[in-house]
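Novice: Next comes the structure file data-v8.txt, holding compact mmCIF, C-alpha atoms.
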```
# COMPACT_ATOMS: atom_id res chain seq x y z
CA MET P 1 92.66 99.35 115.15
CA LYS P 2 91.91 102.37 117.18
CA PRO P 3 93.42 105.74 116.50
CA ASP P 4 94.83 107.84 119.30
CA SER P 5 91.91 109.27 121.16
CA GLN P 6 93.57 112.46 122.26
CA PRO P 7 91.51 115.59 121.88
CA PRO P 8 92.19 117.63 118.80
CA ALA P 9 94.95 120.11 119.33
CA PRO P 10 93.70 123.63 119.13
CA ALA P 11 95.18 124.26 115.77
CA ALA P 12 97.37 127.23 115.21
CA ARG P 13 95.82 129.27 117.98
CA ILE P 14 97.80 132.41 118.42
CA PRO P 15 96.75 135.17 120.77
CA GLN P 16 94.96 137.81 118.73
CA GLN P 17 97.44 140.48 119.79
CA ASP P 18 100.47 138.47 118.62
CA GLU P 19 98.70 137.59 115.44
CA THR P 20 97.81 141.18 114.66
CA ALA P 21 101.39 142.25 115.28
CA LEU P 22 102.72 139.46 113.08
CA VAL P 23 100.33 140.36 110.29
CA ALA P 24 101.26 144.04 110.55
CA ARG P 25 104.93 143.15 110.29
CA ALA P 26 104.31 140.78 107.39
CA ARG P 27 102.33 143.50 105.66
CA ALA P 28 105.29 145.83 106.05
CA GLY P 29 107.46 143.28 104.26
CA ASP P 30 108.92 141.45 107.26
CA HIS P 31 109.99 138.08 105.86
CA ALA P 32 110.34 136.46 109.29
CA ALA P 33 106.84 137.51 110.37
CA PHE P 34 105.30 135.99 107.27
CA GLY P 35 107.41 132.90 107.89
CA ALA P 36 106.06 132.64 111.43
CA LEU P 37 102.49 132.87 110.17
CA ALA P 38 103.16 130.30 107.45
CA GLU P 39 104.74 127.97 109.98
CA ARG P 40 101.84 128.21 112.40
CA TYR P 41 99.12 127.79 109.82
CA ALA P 42 100.89 125.32 107.52
CA GLY P 43 99.36 122.23 109.11
CA VAL P 44 95.75 123.32 109.08
CA ALA P 45 96.04 124.88 105.64
CA ARG P 46 97.49 121.71 104.15
CA ARG P 47 94.91 119.50 105.83
CA VAL P 48 92.05 121.65 104.58
CA ALA P 49 93.50 121.64 101.08
CA ARG P 50 93.95 117.90 101.20
CA ALA P 51 90.38 117.42 102.37
CA VAL P 52 89.30 119.27 99.24
CA LEU P 53 91.74 117.81 96.75
CA GLY P 54 92.64 114.37 98.03
CA ASP P 55 96.03 114.31 96.38
CA PRO P 56 98.74 115.49 98.81
CA ASP P 57 100.90 117.17 96.17
CA ASP P 58 97.99 119.05 94.70
CA ALA P 59 96.95 119.99 98.22
CA ASP P 60 100.38 121.40 99.02
CA ASP P 61 100.39 123.40 95.81
CA ALA P 62 96.97 124.79 96.62
CA ALA P 63 97.96 125.61 100.20
CA GLN P 64 101.04 127.43 98.90
CA ASP P 65 98.90 129.33 96.42
CA GLY P 66 96.64 130.25 99.32
CA PHE P 67 99.50 131.58 101.43
CA LEU P 68 100.85 133.65 98.54
CA SER P 69 97.43 134.96 97.71
CA ALA P 70 96.99 135.93 101.35
CA LEU P 71 100.35 137.70 101.29
CA VAL P 72 99.26 139.72 98.28
CA LYS P 73 95.90 140.51 99.90
CA LEU P 74 97.24 141.36 103.35
CA GLU P 75 96.27 144.99 102.81
CA GLN P 76 92.64 143.87 102.69
CA TYR P 77 92.80 141.95 105.98
CA ASP P 78 90.84 143.54 108.79
CA PRO P 79 93.04 143.22 111.90
CA ARG P 80 90.00 143.36 114.18
CA ARG P 81 89.00 139.93 112.97
CA PRO P 82 90.86 136.66 113.58
CA PHE P 83 93.47 135.88 111.00
CA GLY P 84 92.97 132.10 110.86
CA PRO P 85 89.50 132.00 109.29
CA TRP P 86 90.48 134.76 106.86
CA LEU P 87 93.52 132.82 105.71
CA LEU P 88 91.72 129.48 105.58
CA ARG P 89 88.99 130.92 103.44
CA ILE P 90 91.64 131.93 100.91
CA VAL P 91 93.29 128.52 101.12
CA ALA P 92 89.96 126.71 100.73
CA ASN P 93 89.15 128.84 97.69
CA ALA P 94 92.57 128.11 96.21
CA ALA P 95 91.97 124.38 96.70
CA THR P 96 88.51 124.59 95.18
CA ASP P 97 89.83 126.52 92.19
CA ARG P 98 92.55 123.96 91.68
CA ARG P 99 90.09 121.11 91.88
CA ARG P 100 87.92 122.76 89.23
CA ARG P 101 90.89 123.33 86.97
CA ARG P 102 92.15 119.81 87.40
CA THR P 103 91.10 117.93 84.32
CA VAL P 104 92.80 114.65 85.08
CA ARG P 105 92.35 113.36 88.55
CA ARG P 106 95.55 112.03 89.92
CA VAL P 107 94.08 110.22 92.90
CA GLU P 108 95.93 107.04 93.39
CA PRO P 109 93.75 103.96 93.32
CA LEU P 110 93.15 102.38 96.65
CA ASP P 111 94.82 99.15 97.46
CA PRO P 112 91.96 96.62 97.21
CA GLY P 113 93.51 94.47 99.89
CA LEU P 114 93.54 97.34 102.35
CA VAL P 115 90.08 98.55 101.49
CA ALA P 116 88.57 95.13 101.78
CA GLY P 117 90.22 94.57 105.13
CA GLY P 118 92.83 92.13 103.88
CA THR P 119 95.76 90.83 105.81
CA ARG P 120 97.14 93.26 108.35
CA PRO P 121 100.72 92.49 109.02
CA ASP P 122 101.41 95.33 111.44
CA ALA P 123 100.05 98.38 113.18
CA ALA P 124 101.55 100.78 110.65
CA THR P 125 99.78 99.03 107.82
CA GLU P 126 96.56 99.15 109.80
CA ARG P 127 96.90 102.84 110.35
CA ARG P 128 97.58 103.44 106.70
CA ALA P 129 94.60 101.36 105.73
CA LEU P 130 92.29 103.22 108.10
CA SER P 131 93.59 106.51 106.81
CA GLU P 132 92.99 105.37 103.29
CA ARG P 133 89.47 104.39 104.12
CA LEU P 134 88.79 107.70 105.84
CA ARG P 135 90.16 109.66 102.92
CA GLN P 136 87.96 107.66 100.63
CA ALA P 137 84.92 108.37 102.80
CA LEU P 138 85.88 112.02 102.99
CA ALA P 139 86.19 112.21 99.21
CA GLU P 140 82.60 111.06 98.88
CA LEU P 141 81.32 113.98 100.91
CA PRO P 142 80.40 117.33 99.39
CA GLU P 143 83.33 119.71 99.53
CA ARG P 144 81.83 122.09 102.06
CA ARG P 145 81.05 119.20 104.38
CA ARG P 146 84.63 117.98 104.21
CA ILE P 147 86.05 121.34 105.13
CA ALA P 148 83.54 121.79 107.92
CA VAL P 149 84.28 118.48 109.62
CA VAL P 150 88.05 118.86 109.29
CA LEU P 151 87.99 122.36 110.75
CA PHE P 152 85.68 121.31 113.56
CA ASP P 153 86.90 117.88 114.62
CA VAL P 154 90.53 118.06 113.58
CA GLU P 155 91.41 121.70 114.00
CA GLY P 156 89.08 122.65 116.81
CA TYR P 157 87.53 125.69 115.13
CA SER P 158 84.14 126.87 116.36
CA HIS P 159 81.02 126.78 114.24
CA ALA P 160 81.13 130.57 113.99
CA GLU P 161 84.71 130.54 112.74
CA ILE P 162 83.93 127.84 110.21
CA ALA P 163 80.94 129.86 109.07
CA ALA P 164 83.35 132.73 108.43
CA VAL P 165 85.68 130.46 106.48
CA LEU P 166 82.94 128.98 104.32
CA GLY P 167 80.78 132.07 104.09
CA ILE P 168 77.65 130.23 105.20
CA PRO P 169 75.33 130.54 108.22
CA GLU P 170 76.41 128.96 111.47
CA GLY P 171 73.39 126.65 111.48
CA THR P 172 74.41 125.28 108.10
CA VAL P 173 77.87 124.57 109.47
CA ARG P 174 76.33 122.54 112.31
CA SER P 175 74.32 120.58 109.80
CA GLU P 176 77.33 119.95 107.57
CA VAL P 177 79.44 118.77 110.48
CA PHE P 178 76.68 116.49 111.67
CA HIS P 179 76.18 114.82 108.29
CA ALA P 180 79.91 114.47 107.68
CA ARG P 181 80.45 112.88 111.06
CA ARG P 182 77.63 110.46 110.54
CA ARG P 183 79.19 109.26 107.30
CA LEU P 184 82.74 109.10 108.62
CA ARG P 185 81.72 107.34 111.79
CA VAL P 186 80.18 104.61 109.70
CA SER P 187 83.58 104.12 108.10
CA LEU P 188 85.25 103.93 111.48
CA ALA P 189 82.63 101.57 112.82
CA ASP P 190 82.92 99.29 109.77
CA TRP P 191 86.62 99.24 110.26
CA LYS P 192 86.27 98.21 113.87
CA GLY P 193 83.75 95.58 112.92
CA GLU P 194 86.17 94.06 110.46
CA GLY P 195 89.02 94.09 112.95
CA MET E 1 84.92 105.07 119.32
CA THR E 2 83.46 107.42 121.79
CA GLN E 3 79.84 107.48 122.80
CA GLU E 4 77.37 107.70 119.99
CA PRO E 5 77.22 111.41 119.29
CA LEU E 6 74.10 113.45 119.62
CA PRO E 7 72.88 115.26 116.55
CA PHE E 8 74.49 118.68 116.22
CA ASP E 9 76.97 117.87 118.96
CA HIS E 10 78.83 121.07 119.65
CA ARG E 11 81.98 119.41 120.92
CA PRO E 12 84.74 118.11 118.64
CA ASP E 13 84.96 114.32 118.48
CA PRO E 14 88.50 113.49 119.60
CA VAL E 15 88.55 110.00 118.11
CA LEU E 16 87.28 111.02 114.72
CA GLY E 17 89.46 114.11 114.85
CA ALA E 18 92.60 112.10 115.55
CA ALA E 19 91.80 109.58 112.82
CA LEU E 20 91.17 112.34 110.31
CA ARG E 21 94.29 114.19 111.35
CA GLN E 22 96.26 111.03 110.73
CA ALA E 23 94.55 110.48 107.39
CA LEU E 24 95.27 114.02 106.24
CA ASP E 25 98.75 114.20 107.74
CA PRO E 26 100.63 116.51 105.40
CA GLY E 27 104.17 115.39 106.28
CA ASP E 28 107.24 117.60 106.38
CA ALA E 29 106.16 121.04 107.54
CA ALA E 30 109.61 122.63 107.33
CA ALA E 31 109.98 121.85 103.62
CA PHE E 32 106.52 123.20 102.94
CA VAL E 33 107.21 126.46 104.76
CA ALA E 34 110.54 126.80 102.95
CA VAL E 35 108.77 126.52 99.60
CA VAL E 36 106.13 129.06 100.67
CA LEU E 37 108.82 131.54 101.71
CA ALA E 38 110.80 131.01 98.52
CA ARG E 39 107.70 131.63 96.44
CA ALA E 40 106.87 134.65 98.58
CA ASP E 41 110.31 136.08 97.83
CA GLU E 42 109.74 135.52 94.13
CA THR E 43 106.36 137.22 94.37
CA ARG E 44 107.86 140.19 96.17
CA ALA E 45 110.75 140.39 93.74
CA PHE E 46 108.34 140.29 90.84
CA ALA E 47 106.14 142.93 92.45
CA GLY E 48 109.24 145.01 93.17
CA SER E 49 110.42 144.78 89.60
CA TRP E 50 106.98 145.76 88.37
CA HIS E 51 106.96 148.72 90.70
CA GLY E 52 110.35 149.69 89.33
CA VAL E 53 109.16 149.37 85.75
CA LEU E 54 106.03 151.35 86.50
CA ALA E 55 108.01 154.00 88.34
CA ARG E 56 110.40 154.38 85.41
CA TRP E 57 107.51 154.63 83.00
CA ALA E 58 105.85 157.13 85.28
CA ARG E 59 108.93 159.35 85.20
CA VAL E 60 109.16 159.12 81.41
CA GLY E 61 105.45 159.80 81.13
CA LEU E 62 105.68 162.81 83.39
CA GLY E 63 108.52 164.25 81.34
CA ALA E 64 106.64 163.69 78.12
CA ALA E 65 103.52 165.33 79.57
CA VAL E 66 105.52 168.42 80.59
CA LEU E 67 107.07 168.69 77.11
CA LEU E 68 103.68 168.31 75.47
CA ALA E 69 102.19 170.95 77.72
CA LEU E 70 105.00 173.40 76.91
CA ALA E 71 104.76 172.70 73.18
CA GLY E 72 100.99 173.02 73.31
CA GLY E 73 101.20 176.29 75.18
CA TYR E 74 103.68 177.68 72.69
CA LEU E 75 101.53 176.70 69.71
CA VAL E 76 98.41 178.18 71.26
CA GLU E 77 100.20 181.41 72.01
CA ARG E 78 101.58 181.59 68.48
CA ALA E 79 98.22 180.91 66.95
CA GLY E 80 96.74 183.62 69.11
CA ALA E 81 99.39 186.08 67.96
CA THR E 82 98.80 185.44 64.26
CA GLY E 83 95.12 184.81 63.90
CA GLY E 84 93.53 186.24 66.97
CA THR E 85 91.07 189.09 67.37
CA PRO E 86 92.86 192.48 66.94
CA SER E 87 92.77 195.00 69.70
CA VAL E 88 90.89 198.32 69.33
CA THR E 89 94.10 200.26 68.72
CA GLU E 90 95.21 197.79 66.07
CA ALA E 91 91.82 198.06 64.37
CA LEU E 92 91.98 201.85 64.29
CA ILE E 93 95.45 202.20 62.88
CA ALA E 94 95.34 199.26 60.56
CA PRO E 95 94.99 200.16 56.85
CA ARG E 96 91.77 199.06 55.32
CA ALA E 97 91.98 196.12 53.10
CA GLN E 98 89.57 197.67 50.54
CA ALA E 99 89.06 201.27 49.55
CA PRO E 100 85.65 202.61 50.59
CA GLU E 101 82.94 202.87 47.97
CA VAL E 102 82.62 206.24 46.23
CA GLU E 103 79.05 206.77 47.40
CA VAL E 104 80.05 206.23 50.96
CA VAL E 105 82.87 208.72 50.66
CA LEU E 106 80.59 211.34 49.07
CA ALA E 107 77.87 210.76 51.61
CA SER E 108 80.24 211.29 54.45
CA VAL E 109 81.47 214.53 52.90
CA LEU E 110 77.97 215.84 52.16
CA GLU E 111 76.47 215.09 55.53
CA PRO E 112 76.49 218.03 57.92
```
So, in terms of C-alpha cells, how does the structure I just supplied come out?

Specialist:
Amino acid sequence: MKPDSQPPAPAARIPQQDETALVARARAGDHAAFGALAERYAGVARRVARAVLGDPDDADDAAQDGFLSALVKLEQYDPRRPFGPWLLRIVANAATDRRRRRTVRRVEPLDPGLVAGGTRPDAATERRALSERLRQALAELPERRRIAVVLFDVEGYSHAEIAAVLGIPEGTVRSEVFHARRRLRVSLADWKGEG
Amino acid sequence: MTQEPLPFDHRPDPVLGAALRQALDPGDAAAFVAVVLARADETRAFAGSWHGVLARWARVGLGAAVLLALAGGYLVERAGATGGTPSVTEALIAPRAQAPEVEVVLASVLEP
C-alpha cells in the first residue's frame, strides 16, 4: 500500500499580523479569538502530543492541557515571535510531563496479524496496519526525534522553528530529523516489500 | 516512496509526511476544540472567582490596616502624654518629688 503522496499541508500557517491580533484579543479575554487559535492549531498540537504519548486519549488530554497552559501564559508571549512554535513548545512539554507521570502505559497491543503483514482484506485495513506500524516505529524513537520529524515532515515547520519548539540548536534538529526519517523509511520500505 | 533522501535533506518528505499524518490522525477536531473552550471557560471562571476572593480579602485587609493604624496612633499619642519627657515649663513649675537636703538649702542661703 502506498499512502497519498501529496505534500504536507503547511500546518496552521496564519499570517503573523492576523495571529498577533488574534492573540491580543485572546489575551484580552475574547473567547472567539482563543477559539480561532485553538481551531487552527488543534491538528498539529494533537499530532505532536500523540507522537510523544502514543495513546490518542492521553494525547488529546495533553494537547488540551497545553492550550489551557498557553491561555494562562498568554501575557508572557512575545508578539514579535511566531505564535505556533511558542504554543507547540508548551504542548510538547505538557505531553512530556504527562508521559512522565503516566505510571501505567495504556498503549493498546498491536494486532499481530497486522504487524506481521497478515491477510489484508481491504484498503482501509491496509492503511490502518501501515499506520499502526508507523506508530510503533515512531514509539521506538527518542521523544525529541519524534517531535522533530512530525513537525518537519508532517507539519512543514522549518528547522529553525523546530529548534525554537524544542529549545535545541538548529543543527541538532537536522540530525534528529535525519535519524528519524531513516528509521521510519525502513518501516515504510519493509511494508512495501511485504506487499 | 520517493527518491532515496540525501542526508540532512532540507525538504519535507511528502510520502513519509502523509503516512505519518495518517498514522497520527487525531479525529474529530470540532469536539476537541469544544472541550478546550469549555475548559478555558472553567479556567477563566476559576481565575475570576479567585480574583473576586482576593479582592474581597484585600478590601477587608485594607480596612483592618486602617483601624490598626488609627489604634496604634492613638496608643502612641496616649503613651507620649503620660510617660513622655516633660517640657521646660512643666519641669520648672512641677513640685519636687523630694524635699532638698538641709545642707543644700543652707549652702544656697550662705553663698553670696

Novice: Report as a compact mmCIF listing (two decimals) with C-alpha atoms, in the frame of the given file the set of chain E residues whose atoms approach chain P to within 9 Å, with distances computed over all atoms listed in the file.

Specialist:
```
# COMPACT_ATOMS: atom_id res chain seq x y z
CA MET E 1 84.92 105.07 119.32
CA THR E 2 83.46 107.42 121.79
CA PRO E 5 77.22 111.41 119.29
CA LEU E 6 74.10 113.45 119.62
CA PRO E 7 72.88 115.26 116.55
CA PHE E 8 74.49 118.68 116.22
CA ASP E 9 76.97 117.87 118.96
CA HIS E 10 78.83 121.07 119.65
CA ARG E 11 81.98 119.41 120.92
CA PRO E 12 84.74 118.11 118.64
CA ASP E 13 84.96 114.32 118.48
CA PRO E 14 88.50 113.49 119.60
CA VAL E 15 88.55 110.00 118.11
CA LEU E 16 87.28 111.02 114.72
CA GLY E 17 89.46 114.11 114.85
CA ALA E 18 92.60 112.10 115.55
CA ALA E 19 91.80 109.58 112.82
CA LEU E 20 91.17 112.34 110.31
CA ARG E 21 94.29 114.19 111.35
CA GLN E 22 96.26 111.03 110.73
CA ALA E 23 94.55 110.48 107.39
CA LEU E 24 95.27 114.02 106.24
CA ASP E 25 98.75 114.20 107.74
CA PRO E 26 100.63 116.51 105.40
CA GLY E 27 104.17 115.39 106.28
CA ALA E 29 106.16 121.04 107.54
CA ALA E 30 109.61 122.63 107.33
CA PHE E 32 106.52 123.20 102.94
CA VAL E 33 107.21 126.46 104.76
CA ALA E 34 110.54 126.80 102.95
CA VAL E 35 108.77 126.52 99.60
CA VAL E 36 106.13 129.06 100.67
CA LEU E 37 108.82 131.54 101.71
CA ARG E 39 107.70 131.63 96.44
CA ALA E 40 106.87 134.65 98.58
CA ASP E 41 110.31 136.08 97.83
CA THR E 43 106.36 137.22 94.37
CA ARG E 44 107.86 140.19 96.17
```

Novice: State, in Å with one decimal place, the distance from CA of Val165 (chain P) to CA of Pro85 (chain P).

Specialist: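 Computed distance, CA of Val165 (chain P) to CA of Pro85 (chain P), equals 5.0 Å.
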
Novice: Residues at most 10 Å from Tyr77 (chain P), counting only C-alpha atoms, excluding those fewer than 5 positions away in the same chain, as JSON, numbers by chain?

Specialist: {"P": [23, 24, 27, 70, 71, 82, 83, 86, 87]}

Novice: Have a look at CA of Ala180 (chain P) and CA of Ile162 (chain P) and let me know their distance in Å, one decimal.

Specialist: 14.2 Å

Novice: At what distance in Å, to one decimal, does CA of Ala95 (chain P) lie from CA of Asp190 (chain P)?

Specialist: 29.7 Å

Novice: For Arg89 (chain P), which residue among P:Asp122, P:Glu170, P:Asp30, P:Glu161 is the nearest when counting only C-alpha atoms?

Specialist: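 For Arg89 (chain P), the nearest of the candidates is P:Glu161.
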
Novice: I need the residue nearest Arg146 (chain P) from this list: P:Ala164, P:Ala26, P:Val52, P:Ala21. Use all atoms listed in the file for the distance.

Specialist: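 Of P:Ala164, P:Ala26, P:Val52, P:Ala21, the one nearest Arg146 (chain P), counting all atoms listed in the file, is P:Val52.
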